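K.L.:
Take a look at target22.pdb, PDB, C-alpha atoms, pLDDT in the B column:
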```
ATOM      1  CA  MET A 173      18.213 -14.747 -57.678  1.00 76.00           C
ATOM      2  CA  LEU A 174      16.662 -14.503 -54.233  1.00 90.00           C
ATOM      3  CA  ARG A 175      14.513 -17.483 -53.211  1.00 96.00           C
ATOM      4  CA  ILE A 176      12.266 -17.325 -50.138  1.00 97.00           C
ATOM      5  CA  LYS A 177      10.942 -20.485 -48.490  1.00 96.00           C
ATOM      6  CA  CYS A 178       7.313 -19.753 -47.578  1.00 95.00           C
ATOM      7  CA  PRO A 179       6.173 -21.961 -44.668  1.00 93.00           C
ATOM      8  CA  PHE A 180       2.918 -22.689 -46.554  1.00 93.00           C
ATOM      9  CA  CYS A 181       3.852 -22.692 -50.250  1.00 95.00           C
ATOM     10  CA  GLY A 182       7.483 -23.828 -50.223  1.00 96.00           C
ATOM     11  CA  GLU A 183      10.453 -22.171 -51.903  1.00 96.00           C
ATOM     12  CA  ARG A 184       9.493 -19.430 -54.354  1.00 97.00           C
ATOM     13  CA  ASP A 185      11.186 -16.660 -56.346  1.00 96.00           C
ATOM     14  CA  HIS A 186      11.317 -13.282 -54.611  1.00 95.00           C
ATOM     15  CA  SER A 187       9.149 -11.802 -57.394  1.00 96.00           C
ATOM     16  CA  GLU A 188       6.137 -13.500 -55.711  1.00 97.00           C
ATOM     17  CA  PHE A 189       6.758 -11.431 -52.562  1.00 97.00           C
ATOM     18  CA  SER A 190       6.482  -7.778 -51.631  1.00 97.00           C
ATOM     19  CA  TYR A 191       9.121  -6.258 -49.328  1.00 95.00           C
ATOM     20  CA  GLY A 192       7.569  -4.722 -46.221  1.00 93.00           C
ATOM     21  CA  GLY A 193      10.565  -3.169 -44.495  1.00 90.00           C
ATOM     22  CA  ASP A 194      12.626  -3.608 -41.357  1.00 91.00           C
ATOM     23  CA  GLY A 195      10.998  -6.276 -39.207  1.00 91.00           C
ATOM     24  CA  SER A 196      12.720  -5.226 -35.997  1.00 89.00           C
ATOM     25  CA  ILE A 197      10.997  -1.848 -35.674  1.00 88.00           C
ATOM     26  CA  VAL A 198       8.613  -1.400 -32.771  1.00 87.00           C
ATOM     27  CA  TYR A 199       6.118   1.248 -33.812  1.00 89.00           C
ATOM     28  CA  PRO A 200       4.803   3.728 -31.217  1.00 94.00           C
ATOM     29  CA  ALA A 201       1.209   3.838 -30.008  1.00 95.00           C
ATOM     30  CA  LEU A 202      -1.254   5.561 -32.340  1.00 94.00           C
ATOM     31  CA  ASP A 203      -1.566   8.507 -29.942  1.00 96.00           C
ATOM     32  CA  ALA A 204       2.211   8.882 -29.488  1.00 96.00           C
ATOM     33  CA  PRO A 205       3.841  12.253 -30.219  1.00 96.00           C
ATOM     34  CA  MET A 206       4.650  12.963 -33.877  1.00 96.00           C
ATOM     35  CA  GLN A 207       8.406  12.913 -33.139  1.00 96.00           C
ATOM     36  CA  ASP A 208       8.158   9.267 -32.007  1.00 95.00           C
ATOM     37  CA  TRP A 209       6.575   8.382 -35.362  1.00 93.00           C
ATOM     38  CA  VAL A 210       9.199  10.354 -37.290  1.00 94.00           C
ATOM     39  CA  GLU A 211      11.937   8.410 -35.482  1.00 91.00           C
ATOM     40  CA  ALA A 212      10.276   5.019 -36.118  1.00 90.00           C
ATOM     41  CA  VAL A 213       9.436   5.603 -39.787  1.00 87.00           C
ATOM     42  CA  PHE A 214      12.254   7.776 -41.142  1.00 90.00           C
ATOM     43  CA  GLN A 215      15.263   7.619 -38.793  1.00 87.00           C
ATOM     44  CA  ARG A 216      16.436   4.041 -39.305  1.00 82.00           C
ATOM     45  CA  GLU A 217      19.750   2.268 -39.502  1.00 81.00           C
ATOM     46  CA  ASN A 218      20.921   1.063 -42.901  1.00 82.00           C
ATOM     47  CA  ILE A 219      22.029  -2.332 -41.618  1.00 84.00           C
ATOM     48  CA  ARG A 220      25.012  -4.044 -43.180  1.00 92.00           C
ATOM     49  CA  GLY A 221      24.720  -7.760 -42.471  1.00 94.00           C
ATOM     50  CA  MET A 222      21.936  -9.812 -40.912  1.00 96.00           C
ATOM     51  CA  GLN A 223      18.601  -8.034 -40.705  1.00 95.00           C
ATOM     52  CA  THR A 224      15.052  -9.149 -39.961  1.00 95.00           C
ATOM     53  CA  GLU A 225      12.715  -7.984 -42.723  1.00 95.00           C
ATOM     54  CA  THR A 226       8.990  -8.292 -43.388  1.00 95.00           C
ATOM     55  CA  TRP A 227       7.846  -9.759 -46.699  1.00 97.00           C
ATOM     56  CA  GLN A 228       4.327 -10.577 -47.873  1.00 97.00           C
ATOM     57  CA  HIS A 229       3.695 -13.534 -50.172  1.00 97.00           C
ATOM     58  CA  VAL A 230       1.382 -11.487 -52.419  1.00 97.00           C
ATOM     59  CA  ASN A 231       1.316 -13.984 -55.315  1.00 96.00           C
ATOM     60  CA  GLY A 232       0.779 -16.965 -53.042  1.00 95.00           C
ATOM     61  CA  CYS A 233      -0.838 -17.450 -49.640  1.00 94.00           C
ATOM     62  CA  ARG A 234      -0.645 -13.691 -48.820  1.00 95.00           C
ATOM     63  CA  THR A 235       0.974 -14.430 -45.449  1.00 94.00           C
ATOM     64  CA  TRP A 236       3.278 -11.849 -43.863  1.00 96.00           C
ATOM     65  CA  LEU A 237       6.681 -13.342 -43.069  1.00 97.00           C
ATOM     66  CA  LEU A 238       9.725 -12.397 -41.018  1.00 96.00           C
ATOM     67  CA  VAL A 239      12.805 -13.137 -43.094  1.00 97.00           C
ATOM     68  CA  GLU A 240      16.274 -13.011 -41.559  1.00 97.00           C
ATOM     69  CA  ARG A 241      18.494 -11.997 -44.497  1.00 96.00           C
ATOM     70  CA  ASP A 242      22.093 -10.866 -44.917  1.00 96.00           C
ATOM     71  CA  THR A 243      21.970  -7.539 -46.764  1.00 92.00           C
ATOM     72  CA  MET A 244      25.470  -8.095 -48.170  1.00 94.00           C
ATOM     73  CA  THR A 245      25.156 -11.643 -49.546  1.00 94.00           C
ATOM     74  CA  HIS A 246      21.341 -12.043 -49.658  1.00 94.00           C
ATOM     75  CA  GLU A 247      21.720 -15.334 -47.764  1.00 96.00           C
ATOM     76  CA  ILE A 248      18.470 -16.155 -45.979  1.00 97.00           C
ATOM     77  CA  ARG A 249      19.016 -17.643 -42.534  1.00 97.00           C
ATOM     78  CA  SER A 250      15.384 -18.127 -41.480  1.00 96.00           C
ATOM     79  CA  VAL A 251      11.781 -17.535 -42.557  1.00 96.00           C
ATOM     80  CA  ARG A 252       8.818 -17.610 -40.196  1.00 94.00           C
ATOM     81  CA  ALA A 253       5.267 -16.332 -40.078  1.00 93.00           C
ATOM     82  CA  ALA A 254       5.092 -12.780 -38.743  1.00 92.00           C
ATOM     83  CA  HIS A 255       1.865 -13.313 -36.790  1.00 87.00           C
ATOM     84  CA  PRO A 256       2.665 -15.074 -33.481  1.00 81.00           C
ATOM     85  CA  GLY A 257      -0.474 -17.239 -33.643  1.00 81.00           C
ATOM     86  CA  VAL A 258       0.348 -18.518 -37.127  1.00 77.00           C
ATOM     87  CA  ALA A 259       3.986 -19.105 -36.154  1.00 72.00           C
ATOM     88  CA  LYS A 260       2.888 -21.101 -33.090  1.00 74.00           C
ATOM     89  CA  ALA A 261       0.451 -23.200 -35.166  1.00 75.00           C
ATOM     90  CA  LEU A 262       3.215 -23.972 -37.660  1.00 73.00           C
ATOM     91  CA  GLU A 263       5.559 -25.077 -34.855  1.00 74.00           C
ATOM     92  CA  GLY A 264       2.945 -27.542 -33.629  1.00 70.00           C
ATOM     93  CA  SER A 265       2.444 -29.026 -37.086  1.00 63.00           C
ATOM     94  CA  SER A 266       6.057 -30.036 -37.698  1.00 56.00           C
TER      95      SER A 266
END
```
Can you present the structure in this file as structure tokens?
P.N.:
Amino acid sequence: MLRIKCPFCGERDHSEFSYGGDGSIVYPALDAPMQDWVEAVFQRENIRGMQTETWQHVNGCRTWLLVERDTMTHEIRSVRAAHPGVAKALEGSS
């Protein structure tokens, strides 16, 4: 069972979250050529090992998170808020 430690709600079962995809992708500008979007959305690496992923706590605080997870073992190394402002506020509160 995969357990994700939400910075707001604490450790929860993965069924409370929705997987958002590869968190390391930098999407092109809205007016970028179609080929740039095709590359960003469809031409991705299938990473074996540590990967940064986006997850949303849909059955909790609804926060988007960046989860560093090993795709082979499902070990979670870190969880942090995806929005820089929220992440910075959380750092100041600890």
K.L.:
Hey, which of A:Pro256, A:Glu263, A:Gly193, A:Ser187 ends up closest to Val239 of chain A? Count all atoms listed in the file.
P.N.:
A:Gly193
K.L.:
For Trp236 of chain A, which of A:Thr224, A:Gln207, A:Ser190, A:Ser196 is the closest residue, counting all atoms listed in the file?
P.N.:
A:Ser190
K.L.:
Using the chain letters and numbers from this file, what does the PyMOL selection byres ((chain A and resi 225) around 9) select? Give the answer as a compact mmCIF listing (two decimals) with C-alpha atoms, in the coordinates of the input.
P.N.:
```
# COMPACT_ATOMS: atom_id res chain seq x y z
CA TYR A 191 9.12 -6.26 -49.33
CA GLY A 192 7.57 -4.72 -46.22
CA GLY A 193 10.56 -3.17 -44.50
CA ASP A 194 12.63 -3.61 -41.36
CA GLY A 195 11.00 -6.28 -39.21
CA SER A 196 12.72 -5.23 -36.00
CA GLN A 223 18.60 -8.03 -40.70
CA THR A 224 15.05 -9.15 -39.96
CA THR A 226 8.99 -8.29 -43.39
CA TRP A 227 7.85 -9.76 -46.70
CA LEU A 237 6.68 -13.34 -43.07
CA LEU A 238 9.72 -12.40 -41.02
CA VAL A 239 12.80 -13.14 -43.09
CA GLU A 240 16.27 -13.01 -41.56
CA ARG A 241 18.49 -12.00 -44.50
```
K.L.:
Using the chain letters and numbering of this document, enumerate as an MDAnalysis selection string the residues selected by the PyMOL selection byres ((chain A and resi 247) around 10).
P.N.:
chainID A and resid 174:176 221:222 240:246 248:250
K.L.:
Restricting the calculation to only C-alpha atoms, which member of A:Trp209, A:Pro179, A:Glu217, A:Asp185 is positioned closest to Val258 of chain A?
P.N.:
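Under the stated criterion, the closest residue is A:Pro179.
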K.L.:
Distance atom CA of Val213 of chain A-atom CA of Lys177 of chain A, one decimal place?
P.N.:
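Pair atom CA of Val213 of chain A / atom CA of Lys177 of chain A returns 27.5 Å.
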K.L.:
Atom CA of Gln215 of chain A and atom CA of Gly257 of chain A, how far apart in Å?
P.N.:
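Separation of atom CA of Gly257 of chain A and atom CA of Gln215 of chain A: 29.9 Å.
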K.L.:
Using Å and a single decimal, report how far atom CA of Ala254 of chain A sits from atom CA of Thr235 of chain A.
P.N.:
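Result for atom CA of Thr235 of chain A versus atom CA of Ala254 of chain A: 8.0 Å, one decimal.
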K.L.:
Tell me which of A:Pro200, A:Met206, A:Gly182, A:Met173 sits closest to Cys233 of chain A, counting all atoms listed in the file.
P.N.:
A:Gly182
K.L.:
Nearest to His229 of chain A among A:Gly264, A:Phe189, A:Phe180, A:His255, with distances taken over all atoms listed in the file: which residue is it?
P.N.:
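Of A:Gly264, A:Phe189, A:Phe180, A:His255, the one nearest His229 of chain A is A:Phe189, counting all atoms listed in the file.
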K.L.:
Find the smallest box with edges along x, y and z containing every listed atom of segment 237-249 of chain A, then add 5 Å on each side and report centre and edge lengths in Å to one decimal, as AutoDock Vina command-line options.
P.N.:
```
--center_x 16.1 --center_y -12.6 --center_z -45.3 --size_x 28.8 --size_y 20.1 --size_z 18.6
```
